[in-house]
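Raw data04.cif, mmCIF, C-alpha atoms and all ligand atoms:
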data_final
#
loop_
_atom_site.label_atom_id
_atom_site.label_comp_id
_atom_site.auth_asym_id
_atom_site.auth_seq_id
_atom_site.Cartn_x
_atom_site.Cartn_y
_atom_site.Cartn_z
CA MET A 99 14.11 6.58 23.08
CA ASP A 100 16.34 9.23 24.68
CA LEU A 101 18.88 9.00 21.88
CA GLU A 102 16.19 9.30 19.25
CA ARG A 103 14.78 12.37 20.98
CA ASP A 104 18.24 13.98 20.91
CA TYR A 105 19.55 12.86 17.53
CA LEU A 106 16.73 12.12 15.10
CA LEU A 107 14.68 14.54 13.06
CA GLN A 108 11.52 14.95 15.06
CA ASN A 109 9.17 14.02 12.21
CA TYR A 110 7.61 10.84 13.64
CA ALA A 111 5.11 10.63 16.48
CA ARG A 112 6.08 7.15 17.63
CA TYR A 113 4.12 5.00 20.04
CA PRO A 114 6.07 4.29 23.25
CA LEU A 115 7.05 0.76 22.30
CA VAL A 116 10.50 -0.69 21.54
CA LEU A 117 10.19 -3.84 19.46
CA ALA A 118 12.84 -6.53 19.69
CA ARG A 119 11.66 -9.52 17.67
CA GLY A 120 8.72 -11.22 16.02
CA LYS A 121 7.40 -14.69 15.24
CA GLY A 122 4.40 -15.32 13.01
CA CYS A 123 1.65 -12.79 13.80
CA TYR A 124 3.24 -11.81 17.12
CA LEU A 125 5.77 -9.15 18.04
CA TYR A 126 7.72 -8.94 21.30
CA ASP A 127 9.06 -5.79 22.97
CA THR A 128 12.39 -5.51 24.76
CA GLU A 129 10.70 -6.53 28.03
CA GLY A 130 9.42 -9.72 26.39
CA ARG A 131 5.77 -8.59 26.28
CA ARG A 132 3.80 -10.10 23.37
CA TYR A 133 1.62 -8.19 20.89
CA LEU A 134 -0.74 -9.49 18.23
CA ASP A 135 0.30 -7.65 15.07
CA PHE A 136 -2.71 -6.37 13.11
CA ILE A 137 -0.84 -3.60 11.28
CA SER A 138 2.22 -5.56 10.03
CA GLY A 139 4.52 -2.57 9.69
CA ILE A 140 1.78 -0.67 7.77
CA GLY A 141 1.05 -3.51 5.41
CA VAL A 142 4.61 -4.70 4.83
CA ASN A 143 5.12 -7.89 6.86
CA ALA A 144 2.78 -9.93 4.70
CA LEU A 145 4.10 -13.26 6.02
CA GLY A 146 4.33 -12.04 9.59
CA HIS A 147 7.71 -12.23 11.27
CA ALA A 148 10.58 -14.68 10.87
CA HIS A 149 8.75 -16.79 8.29
CA PRO A 150 11.03 -19.87 7.97
CA ARG A 151 11.04 -19.88 4.14
CA ILE A 152 11.86 -16.16 3.96
CA VAL A 153 14.56 -16.44 6.64
CA LYS A 154 16.13 -19.37 4.76
CA VAL A 155 16.22 -17.51 1.43
CA ILE A 156 17.61 -14.33 3.03
CA ARG A 157 20.36 -16.31 4.78
CA GLU A 158 21.30 -18.14 1.63
CA GLN A 159 21.26 -15.13 -0.70
CA ALA A 160 23.05 -12.85 1.80
CA GLY A 161 25.99 -15.23 1.61
CA LEU A 162 25.98 -15.11 -2.20
CA LEU A 163 25.10 -11.63 -3.48
CA ILE A 164 23.18 -8.83 -1.78
CA HIS A 165 23.62 -5.99 -4.26
CA SER A 166 24.97 -5.86 -7.78
CA SER A 167 23.64 -2.50 -9.16
CA ASN A 168 21.76 -2.15 -12.40
CA LEU A 169 25.01 -2.10 -14.37
CA TYR A 170 24.84 -5.89 -14.59
CA TYR A 171 22.32 -8.73 -14.75
CA HIS A 172 21.60 -11.04 -11.85
CA GLN A 173 19.47 -14.19 -11.71
CA TYR A 174 16.30 -12.85 -10.13
CA GLN A 175 15.09 -9.59 -11.74
CA GLY A 176 14.04 -11.25 -15.00
CA PRO A 177 12.07 -14.09 -13.37
CA LEU A 178 10.41 -11.67 -10.94
CA ALA A 179 9.42 -9.30 -13.76
CA LYS A 180 7.94 -12.27 -15.70
CA ARG A 181 5.97 -13.37 -12.65
CA LEU A 182 4.57 -9.86 -12.01
CA VAL A 183 3.68 -9.39 -15.66
CA GLU A 184 1.75 -12.69 -15.59
CA MET A 185 0.00 -11.74 -12.35
CA SER A 186 -1.01 -8.28 -13.55
CA GLY A 187 -1.85 -8.60 -17.24
CA LEU A 188 0.63 -5.81 -18.04
CA LYS A 189 3.80 -6.04 -20.12
CA ARG A 190 6.95 -4.74 -18.45
CA ALA A 191 8.35 -4.07 -14.97
CA PHE A 192 10.71 -1.58 -13.38
CA PHE A 193 12.03 -2.17 -9.86
CA ALA A 194 12.28 0.61 -7.29
CA ASN A 195 12.71 0.58 -3.53
CA THR A 196 9.64 2.23 -2.03
CA GLY A 197 6.09 3.20 -2.84
CA THR A 198 6.85 6.86 -3.31
CA GLU A 199 9.76 6.07 -5.63
CA ALA A 200 7.57 3.80 -7.73
CA VAL A 201 4.97 6.60 -7.92
CA GLU A 202 7.67 9.05 -9.05
CA GLY A 203 8.59 6.72 -11.92
CA ALA A 204 4.94 6.34 -12.92
CA LEU A 205 4.47 10.13 -12.93
CA LYS A 206 7.56 10.50 -15.12
CA MET A 207 6.04 7.92 -17.44
CA ALA A 208 2.81 9.96 -17.68
CA HIS A 209 4.71 13.22 -18.27
CA SER A 210 6.91 11.66 -20.92
CA HIS A 211 3.88 10.06 -22.59
CA GLY A 212 2.13 13.46 -22.67
CA ARG A 213 5.21 15.28 -23.93
CA SER A 214 5.56 12.86 -26.81
CA LEU A 215 2.12 14.02 -27.97
CA SER A 216 2.16 17.75 -27.17
CA PRO A 217 4.28 20.15 -25.07
CA ASP A 218 1.08 21.20 -23.21
CA LYS A 219 0.01 17.71 -22.26
CA PHE A 220 1.27 17.50 -18.68
CA ASP A 221 -1.84 17.80 -16.49
CA LEU A 222 -2.42 15.03 -13.97
CA ILE A 223 -5.69 14.11 -12.30
CA ALA A 224 -5.57 12.78 -8.75
CA LEU A 225 -8.18 12.05 -6.12
CA GLU A 226 -9.05 14.10 -3.08
CA ASN A 227 -8.14 12.20 0.07
CA GLY A 228 -5.63 10.08 -1.84
CA PHE A 229 -2.08 9.39 -0.63
CA HIS A 230 0.87 8.60 -2.86
CA GLY A 231 4.01 9.28 -0.82
CA ARG A 232 6.33 11.95 0.50
CA THR A 233 8.68 12.86 -2.36
CA MET A 234 7.91 16.03 -4.29
CA GLY A 235 6.17 14.40 -7.26
CA ALA A 236 4.18 11.95 -5.16
CA LEU A 237 3.23 14.77 -2.79
CA SER A 238 1.97 16.80 -5.74
CA VAL A 239 -0.69 14.18 -6.43
CA THR A 240 -1.50 13.49 -2.77
CA GLY A 241 -5.00 14.83 -2.19
CA GLN A 242 -4.58 15.83 1.43
CA GLU A 243 -3.62 19.45 2.03
CA LYS A 244 -1.93 18.70 5.38
CA TYR A 245 0.85 16.74 3.64
CA ARG A 246 1.38 19.25 0.81
CA ARG A 247 1.09 22.72 2.27
CA ASP A 248 4.61 23.16 3.70
CA PHE A 249 6.27 22.17 0.44
CA GLU A 250 4.51 24.19 -2.21
CA PRO A 251 5.08 25.01 -5.01
CA LEU A 252 4.97 21.41 -6.14
CA VAL A 253 4.67 19.86 -9.61
CA PRO A 254 2.24 22.05 -11.60
CA GLY A 255 -0.84 20.89 -13.48
CA VAL A 256 -2.45 18.61 -10.87
CA LYS A 257 -6.26 18.65 -10.60
CA PHE A 258 -7.91 16.98 -7.60
CA VAL A 259 -11.36 15.45 -7.93
CA PRO A 260 -13.58 13.81 -5.30
CA ALA A 261 -13.51 10.00 -5.35
CA ASN A 262 -16.50 8.21 -6.91
CA ASP A 263 -17.90 11.42 -8.47
CA VAL A 264 -18.18 10.61 -12.16
CA ALA A 265 -19.37 14.08 -13.21
CA ALA A 266 -16.38 15.77 -11.54
CA LEU A 267 -14.06 13.27 -13.21
CA GLU A 268 -15.53 13.99 -16.64
CA ALA A 269 -15.15 17.73 -16.07
CA ALA A 270 -11.49 17.36 -15.03
CA PHE A 271 -10.27 15.57 -18.17
CA SER A 272 -9.02 17.56 -21.15
CA ASP A 273 -6.61 17.19 -24.06
CA ARG A 274 -3.91 18.42 -21.67
CA THR A 275 -4.35 15.42 -19.34
CA CYS A 276 -1.39 13.05 -19.49
CA GLY A 277 -2.42 10.78 -16.64
CA ILE A 278 -4.74 9.99 -13.78
CA ILE A 279 -3.53 8.33 -10.57
CA LEU A 280 -5.78 6.62 -8.08
CA GLU A 281 -5.88 4.03 -5.29
CA MET A 282 -8.56 1.35 -5.83
CA ILE A 283 -8.94 1.37 -2.04
CA GLN A 284 -7.73 4.60 -0.47
CA GLY A 285 -5.52 3.54 2.43
CA GLU A 286 -4.13 6.51 4.38
CA GLY A 287 -7.35 8.33 3.46
CA GLY A 288 -9.39 5.95 5.65
CA ILE A 289 -10.02 2.69 3.70
CA TYR A 290 -12.39 4.02 1.03
CA PRO A 291 -12.88 1.71 -1.98
CA LEU A 292 -13.60 3.18 -5.42
CA THR A 293 -16.76 1.92 -7.10
CA PRO A 294 -16.31 -0.30 -10.18
CA GLU A 295 -18.42 2.18 -12.21
CA TYR A 296 -16.05 5.01 -11.31
CA VAL A 297 -12.96 3.01 -12.26
CA ALA A 298 -14.56 1.95 -15.55
CA ARG A 299 -15.34 5.62 -16.32
CA ALA A 300 -11.76 6.62 -15.49
CA ARG A 301 -10.57 3.94 -17.93
CA ALA A 302 -12.89 5.20 -20.70
CA LEU A 303 -11.88 8.84 -20.17
CA ALA A 304 -8.16 8.00 -20.06
CA ASP A 305 -8.64 6.23 -23.40
CA ARG A 306 -10.62 9.09 -24.91
CA TYR A 307 -7.99 11.69 -23.94
CA ASN A 308 -4.99 9.41 -24.48
CA ALA A 309 -3.86 9.67 -20.85
CA LEU A 310 -2.28 6.94 -18.70
CA LEU A 311 -4.44 5.35 -16.01
CA ILE A 312 -2.14 4.71 -13.04
CA ALA A 313 -3.26 2.44 -10.19
CA ASP A 314 -1.29 3.00 -7.00
CA GLU A 315 -1.51 -0.41 -5.33
CA THR A 316 1.21 0.30 -2.78
CA GLN A 317 -1.16 -0.37 0.11
CA CYS A 318 -4.14 -2.16 -1.43
CA GLY A 319 -2.26 -4.55 -3.73
CA VAL A 320 -0.17 -7.71 -3.95
CA GLY A 321 -2.57 -10.12 -2.31
CA ARG A 322 -4.02 -7.99 0.44
CA PRO A 323 -7.48 -7.51 -1.13
CA GLY A 324 -7.84 -11.27 -1.77
CA THR A 325 -6.72 -10.91 -5.41
CA TYR A 326 -3.23 -10.16 -6.68
CA PHE A 327 -4.21 -6.55 -7.31
CA ALA A 328 -7.23 -4.58 -6.15
CA TYR A 329 -8.20 -3.67 -9.73
CA GLN A 330 -8.72 -7.39 -10.35
CA ARG A 331 -11.70 -7.47 -7.98
CA ALA A 332 -14.04 -5.98 -10.58
CA THR A 333 -15.75 -8.01 -13.32
CA PRO A 334 -14.87 -7.41 -16.01
CA VAL A 335 -11.38 -6.41 -14.89
CA VAL A 336 -10.49 -2.83 -15.84
CA LEU A 337 -6.82 -2.94 -16.67
CA PRO A 338 -4.76 0.16 -15.79
CA ASP A 339 -1.93 1.30 -18.10
CA VAL A 340 0.45 1.48 -15.15
CA VAL A 341 0.46 -0.16 -11.72
CA VAL A 342 2.76 0.69 -8.85
CA ALA A 343 3.22 -1.33 -5.67
CA ALA A 344 5.68 -1.76 -2.84
CA LYS A 345 4.96 -2.52 0.82
CA PRO A 346 4.52 -6.35 1.02
CA VAL A 347 6.48 -7.16 -2.14
CA ALA A 348 9.63 -8.44 -0.40
CA CYS A 349 8.30 -9.12 3.12
CA GLY A 350 10.11 -6.20 4.77
CA LEU A 351 13.08 -5.70 2.48
CA PRO A 352 12.65 -2.46 0.52
CA LEU A 353 11.32 -3.27 -2.94
CA GLY A 354 8.74 -1.51 -5.09
CA PHE A 355 7.79 -1.87 -8.72
CA ILE A 356 6.13 -0.23 -11.67
CA LEU A 357 4.28 -2.39 -14.17
CA ALA A 358 3.24 -0.92 -17.50
CA ASN A 359 1.49 -1.89 -20.71
CA ASP A 360 3.13 -1.13 -24.06
CA LYS A 361 1.91 2.46 -24.07
CA GLY A 362 3.32 3.22 -20.62
CA ALA A 363 6.55 1.31 -21.20
CA ALA A 364 7.17 3.14 -24.50
CA ALA A 365 7.38 6.42 -22.58
CA ILE A 366 10.60 5.40 -20.81
CA LYS A 367 13.52 5.05 -23.18
CA PRO A 368 17.15 4.14 -22.38
CA GLY A 369 18.68 6.52 -19.86
CA MET A 370 15.40 8.18 -18.87
CA HIS A 371 15.00 6.53 -15.47
CA GLY A 372 17.00 4.43 -13.04
CA THR A 373 18.02 3.59 -9.47
CA THR A 374 21.14 2.28 -7.73
CA PHE A 375 19.46 -0.04 -5.24
CA GLY A 376 16.18 -0.99 -6.94
CA GLY A 377 15.71 -4.65 -7.83
CA GLY A 378 18.76 -6.05 -6.09
CA PRO A 379 19.30 -9.83 -5.98
CA LEU A 380 18.42 -10.22 -2.29
CA ALA A 381 15.11 -8.33 -2.50
CA CYS A 382 14.12 -9.94 -5.82
CA ARG A 383 14.84 -13.48 -4.67
CA VAL A 384 12.86 -12.92 -1.47
CA SER A 385 10.01 -11.52 -3.53
CA LEU A 386 9.92 -14.58 -5.77
CA GLU A 387 9.71 -16.80 -2.69
CA PHE A 388 6.99 -14.56 -1.25
CA LEU A 389 4.88 -14.77 -4.42
CA GLU A 390 5.06 -18.57 -4.34
CA ILE A 391 3.80 -18.56 -0.77
CA LEU A 392 1.16 -15.97 -1.67
CA ASP A 393 -0.49 -18.42 -4.07
CA GLU A 394 -0.78 -20.94 -1.25
CA LEU A 395 -2.25 -18.29 1.07
CA MET A 396 -4.75 -16.66 -1.28
CA PRO A 397 -7.75 -18.82 -0.25
CA SER A 398 -7.05 -18.08 3.39
CA ILE A 399 -6.68 -14.31 2.75
CA GLN A 400 -10.16 -14.44 1.24
CA SER A 401 -11.79 -16.62 3.91
CA VAL A 402 -10.12 -15.10 6.99
CA GLY A 403 -10.64 -11.62 5.51
CA GLY A 404 -14.34 -12.40 5.07
CA TYR A 405 -14.54 -13.77 8.60
CA PHE A 406 -12.83 -10.64 9.98
CA HIS A 407 -15.15 -8.37 7.99
CA ALA A 408 -18.21 -10.23 9.30
CA SER A 409 -16.91 -10.05 12.89
CA LEU A 410 -16.39 -6.29 12.57
CA ASN A 411 -19.88 -5.91 11.09
CA GLU A 412 -21.22 -7.77 14.10
CA LEU A 413 -19.46 -5.30 16.41
CA ALA A 414 -20.86 -2.41 14.35
CA GLY A 415 -24.35 -3.85 14.82
CA LYS A 416 -23.88 -3.75 18.60
CA TYR A 417 -22.22 -0.35 19.04
CA SER A 418 -23.49 2.81 17.41
CA VAL A 419 -20.11 4.50 17.97
CA ILE A 420 -18.98 2.43 14.95
CA LYS A 421 -20.20 4.30 11.89
CA GLU A 422 -19.05 1.96 9.17
CA VAL A 423 -16.84 -1.02 8.33
CA ARG A 424 -15.02 -0.73 4.98
CA GLY A 425 -12.49 -2.60 2.89
CA PHE A 426 -11.75 -5.94 1.30
CA GLY A 427 -9.71 -9.01 2.14
CA LEU A 428 -7.19 -8.18 4.85
CA MET A 429 -7.41 -4.41 4.34
CA LEU A 430 -10.20 -3.30 6.64
CA GLY A 431 -11.17 -0.13 8.44
CA LEU A 432 -13.59 0.60 11.22
CA ASP A 433 -14.85 4.18 11.09
CA LEU A 434 -15.69 5.56 14.54
CA ALA A 435 -17.88 8.51 15.47
CA VAL A 436 -15.00 9.68 17.73
CA PRO A 437 -11.20 10.00 17.29
CA GLY A 438 -9.42 6.65 17.33
CA LYS A 439 -6.03 7.58 18.77
CA GLN A 440 -6.78 6.54 22.35
CA VAL A 441 -8.25 3.23 21.16
CA VAL A 442 -4.92 2.47 19.47
CA LEU A 443 -3.02 3.16 22.71
CA ASP A 444 -5.48 1.12 24.79
CA ALA A 445 -5.29 -1.76 22.29
CA MET A 446 -1.50 -1.69 22.59
CA ALA A 447 -1.78 -1.90 26.38
CA ASP A 448 -4.01 -4.95 25.80
CA GLY A 449 -1.45 -6.57 23.50
CA LEU A 450 -2.97 -5.67 20.13
CA LEU A 451 -1.21 -3.50 17.53
CA ILE A 452 -3.43 -1.53 15.15
CA ASN A 453 -3.32 2.03 13.94
CA CYS A 454 -5.62 4.91 13.24
CA THR A 455 -5.75 6.86 10.03
CA HIS A 456 -7.79 9.87 9.00
CA ASP A 457 -8.47 10.63 12.72
CA THR A 458 -11.40 8.27 13.21
CA VAL A 459 -10.60 5.14 11.20
CA LEU A 460 -9.08 2.15 12.97
CA ARG A 461 -7.03 0.47 10.28
CA PHE A 462 -6.31 -3.26 10.15
CA LEU A 463 -3.63 -4.67 7.86
CA PRO A 464 -2.80 -8.02 9.47
CA PRO A 465 -0.25 -10.43 7.99
CA TYR A 466 -1.65 -12.76 5.32
CA ILE A 467 -0.99 -15.76 7.60
CA VAL A 468 -3.48 -14.51 10.21
CA THR A 469 -5.95 -17.14 11.47
CA GLU A 470 -9.63 -16.94 12.48
CA LYS A 471 -8.55 -17.60 16.06
CA GLN A 472 -6.27 -14.55 15.98
CA VAL A 473 -9.09 -12.51 14.44
CA ASP A 474 -11.26 -13.59 17.40
CA GLN A 475 -8.54 -12.42 19.80
CA ALA A 476 -8.31 -9.03 18.10
CA VAL A 477 -12.07 -8.56 17.87
CA LYS A 478 -12.43 -9.43 21.56
CA VAL A 479 -10.00 -6.62 22.50
CA LEU A 480 -11.72 -4.22 20.08
CA GLY A 481 -15.14 -5.09 21.50
CA LYS A 482 -13.96 -4.29 25.00
CA LEU A 483 -12.46 -0.94 23.91
CA VAL A 484 -15.48 0.08 21.84
CA GLU A 485 -17.75 -0.79 24.76
CA LYS A 486 -15.73 1.71 26.83
CA LEU A 487 -16.28 4.37 24.15
CA LYS A 488 -20.00 3.82 24.38
CA ALA A 489 -20.04 4.31 28.15
C1 LIG B 501 -1.10 4.23 -1.68
C2 LIG B 501 0.28 4.59 -1.25
N1 LIG B 501 1.16 5.07 -2.15
C3 LIG B 501 2.42 5.39 -1.82
C4 LIG B 501 2.86 5.25 -0.53
C5 LIG B 501 4.28 5.61 -0.19
O1 LIG B 501 5.00 4.45 0.03
P1 LIG B 501 6.42 4.52 0.79
O2 LIG B 501 6.13 4.91 2.20
O3 LIG B 501 6.97 3.13 0.64
O4 LIG B 501 7.23 5.53 0.07
C6 LIG B 501 2.00 4.76 0.45
C7 LIG B 501 2.45 4.61 1.85
O5 LIG B 501 1.71 4.43 2.76
C8 LIG B 501 0.68 4.41 0.09
O6 LIG B 501 -0.19 3.95 0.98
#
Output the file's structure in the form of structure tokens.
Ligand SMILES: Cc1ncc(COP(=O)(O)O)c(C=O)c1O
Amino acid sequence: MDLERDYLLQNYARYPLVLARGKGCYLYDTEGRRYLDFISGIGVNALGHAHPRIVKVIREQAGLLIHSSNLYYHQYQGPLAKRLVEMSGLKRAFFANTGTEAVEGALKMAHSHGRSLSPDKFDLIALENGFHGRTMGALSVTGQEKYRRDFEPLVPGVKFVPANDVAALEAAFSDRTCGIILEMIQGEGGIYPLTPEYVARARALADRYNALLIADETQCGVGRPGTYFAYQRATPVVLPDVVVAAKPVACGLPLGFILANDKGAAAIKPGMHGTTFGGGPLACRVSLEFLEILDELMPSIQSVGGYFHASLNELAGKYSVIKEVRGFGLMLGLDLAVPGKQVVLDAMADGLLINCTHDTVLRFLPPYIVTEKQVDQAVKVLGKLVEKLKA
């Protein structure tokens, strides 16, 4: 901690906890104290910690080939792309390293698509309260002033509209719109799902104005909502033109992706985009293993997620300091009438790791292997802490 204070950029407000190792849904600090992990590295450690099948694959592949660059083929990018295309209903994949980098690629796709139609077609629509990452393009479409203000001017032509307001969405579209980016469940913004009607309208408007509909599933996707992608929860499914994801995709190794239909994919021609690290053999092989395990876990994500949601609703029924419970699957938020920061610290002291977003929303992103018994443990701690808030 002392070294970090002296030598690191002071951009993070870390909790006073030094983690040493993990096993399943538990983490251990350097003193050997155990914590139940209900945040999983902000939605990354989908299989918890030290999952035997992931450890085995990492060990094996690390001894064979970790990185090869995108100058050459390796054995795993093609199969992973095929798998993701089949899961998503889209046509082609690009591999990046992080969520923000995947968003950058998707924004380039939208700009290039617009430019192919008209030099003026570069406006983007994004949602107020949305979050898409920290690089300049992703920041430009992040609908929270606090993240953007120190870095302006950003990419021009971005219009922000309130989520779930169909009239505002209709008013924002024009012939100049090249794309719209949205999170099906806003994550950093406080676990706010979009309504199916709103998403369907966004699809229709994107079609009418020939703009790309981009779903940022970095936080809400890849199994967490109880479906492969959050857009697949609606019936009928409204298919985006472009999907980006990252966090859980390779269980903690950096890997993100862009998936696109023919229209989106056509916007990126040879030489127009690339990355040195993205889609390396180690990350891709781990991801393939993860997706196999994900299929086995999907019923449990749905049932344990439902159980967790019901338990949180029960708490909300008892304590009026809880304003609302929101989310789907294993992406849940508990909106308090008071700031949540102290609850996070108190939970940590009680051996439970959660976090707070948007000031008042306790956010839960447990690993997909979480059990009902572990949910009971977490809810017991939360009940005790919320009771204190009431007093
Ligand atoms: C919806 C969404 N998009 C993009 C990002 C940025 O991802 P990364 O931190 O991997 O760059 C995040 C991160 O929280 C996110 O939640």
Could you list, as a ChimeraX atom specification, all residues that come within 10 Å of ligand LIG 501 (chain B)? Count only C-alpha atoms and all ligand atoms. /A:140-142,194-202,228-233,236-237,240,280-287,313-319,342-346,352-354
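For range 109-115 of chain A, the residues within 12 Å (counting only C-alpha atoms, excluding itself and residues fewer than 5 positions away along the chain) are Met99, Asp100, Glu102, Arg103, Leu125, Tyr126, Asp127, Thr128, Glu129, Gly130, Arg131, Arg132, Tyr133, Lys439, Gln440, Val442, Leu443, Asp444, Ala445, Met446, Ala447, Gly449, Leu451, Ile452, Asn453 and Cys454 of chain A.
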When you draw a straight line from CA of Tyr124 in chain A to CA of Phe406 in chain A, how long is it in Å? 17.6 Å
Could you write out as lines of an AutoDock Vina configuration file the box around range 340-355 of chain A (axis-aligned, all atoms listed in the file, 4 Å on each side), with centre and edge lengths in Å to one decimal?
center_x = 6.8
center_y = -3.8
center_z = -5.2
size_x = 20.6
size_y = 18.6
size_z = 27.9
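Separating CA of Ala332 in chain A from CA of Ala364 in chain A is a distance of 27.0 Å.
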Give me, as a short mmCIF file (atom, residue, chain, number, x, y, z; two decimals) with C-alpha atoms, in the coordinates of the input, all polymer residues having an atom no more than 9 Å from Thr325 in chain A, counting all atoms listed in the file and skipping those fewer than 3 positions away in the same chain.
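Wrote selection-v7.cif, looks like this:
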data_model
loop_
_atom_site.label_atom_id
_atom_site.label_comp_id
_atom_site.auth_asym_id
_atom_site.auth_seq_id
_atom_site.Cartn_x
_atom_site.Cartn_y
_atom_site.Cartn_z
CA GLY A 319 -2.26 -4.55 -3.73
CA VAL A 320 -0.17 -7.71 -3.95
CA GLY A 321 -2.57 -10.12 -2.31
CA ARG A 322 -4.02 -7.99 0.44
CA ALA A 328 -7.23 -4.58 -6.15
CA TYR A 329 -8.20 -3.67 -9.73
CA GLN A 330 -8.72 -7.39 -10.35
CA ARG A 331 -11.70 -7.47 -7.98
CA MET A 396 -4.75 -16.66 -1.28
CA ILE A 399 -6.68 -14.31 2.75
CA GLN A 400 -10.16 -14.44 1.24
CA GLY A 427 -9.71 -9.01 2.14
#
Just want the 8 Å neighbourhood of range 459-468 of chain A, counted on only C-alpha atoms, with same-chain residues fewer than 4 positions away dropped. Output as a ChimeraX atom specification. /A:122-123,135-138,140-141,143-146,288-289,322,395,398-399,402,428-434,437-438,442,452-455,472-473
N, CA and C atoms modelled onto range 262-279 of chain A, as a compact mmCIF listing (two decimals), in the frame of the given file:
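Output contents, as saved in part_10.txt:
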# COMPACT_ATOMS: atom_id res chain seq x y z
N ASN A 262 -15.17 8.76 -6.59
CA ASN A 262 -16.50 8.21 -6.91
C ASN A 262 -17.50 9.24 -7.43
N ASP A 263 -17.02 10.40 -7.89
CA ASP A 263 -17.90 11.42 -8.47
C ASP A 263 -17.61 11.47 -9.98
N VAL A 264 -18.44 10.77 -10.73
CA VAL A 264 -18.18 10.61 -12.16
C VAL A 264 -18.26 11.94 -12.90
N ALA A 265 -19.21 12.79 -12.51
CA ALA A 265 -19.37 14.08 -13.21
C ALA A 265 -18.12 14.94 -13.03
N ALA A 266 -17.58 14.97 -11.80
CA ALA A 266 -16.38 15.77 -11.54
C ALA A 266 -15.19 15.21 -12.33
N LEU A 267 -15.16 13.91 -12.46
CA LEU A 267 -14.06 13.27 -13.21
C LEU A 267 -14.14 13.67 -14.68
N GLU A 268 -15.34 13.62 -15.22
CA GLU A 268 -15.53 13.99 -16.64
C GLU A 268 -15.12 15.44 -16.87
N ALA A 269 -15.46 16.30 -15.91
CA ALA A 269 -15.15 17.73 -16.07
C ALA A 269 -13.65 17.99 -15.97
N ALA A 270 -12.93 17.12 -15.26
CA ALA A 270 -11.49 17.36 -15.03
C ALA A 270 -10.63 16.99 -16.24
N PHE A 271 -11.08 16.02 -17.02
CA PHE A 271 -10.27 15.57 -18.17
C PHE A 271 -10.24 16.61 -19.29
N SER A 272 -9.11 16.72 -19.95
CA SER A 272 -9.02 17.56 -21.15
C SER A 272 -7.91 17.00 -22.04
N ASP A 273 -7.69 17.64 -23.17
CA ASP A 273 -6.61 17.19 -24.06
C ASP A 273 -5.24 17.36 -23.41
N ARG A 274 -5.19 18.20 -22.35
CA ARG A 274 -3.91 18.42 -21.67
C ARG A 274 -3.60 17.32 -20.64
N THR A 275 -4.56 16.44 -20.38
CA THR A 275 -4.35 15.42 -19.34
C THR A 275 -3.40 14.33 -19.84
N CYS A 276 -2.31 14.13 -19.10
CA CYS A 276 -1.39 13.05 -19.49
C CYS A 276 -1.57 11.80 -18.64
N GLY A 277 -2.23 11.95 -17.48
CA GLY A 277 -2.42 10.78 -16.64
C GLY A 277 -3.39 11.03 -15.51
N ILE A 278 -3.91 9.93 -14.99
CA ILE A 278 -4.74 9.99 -13.78
C ILE A 278 -4.20 8.93 -12.83
N ILE A 279 -4.03 9.30 -11.56
CA ILE A 279 -3.53 8.33 -10.57
C ILE A 279 -4.58 8.15 -9.49
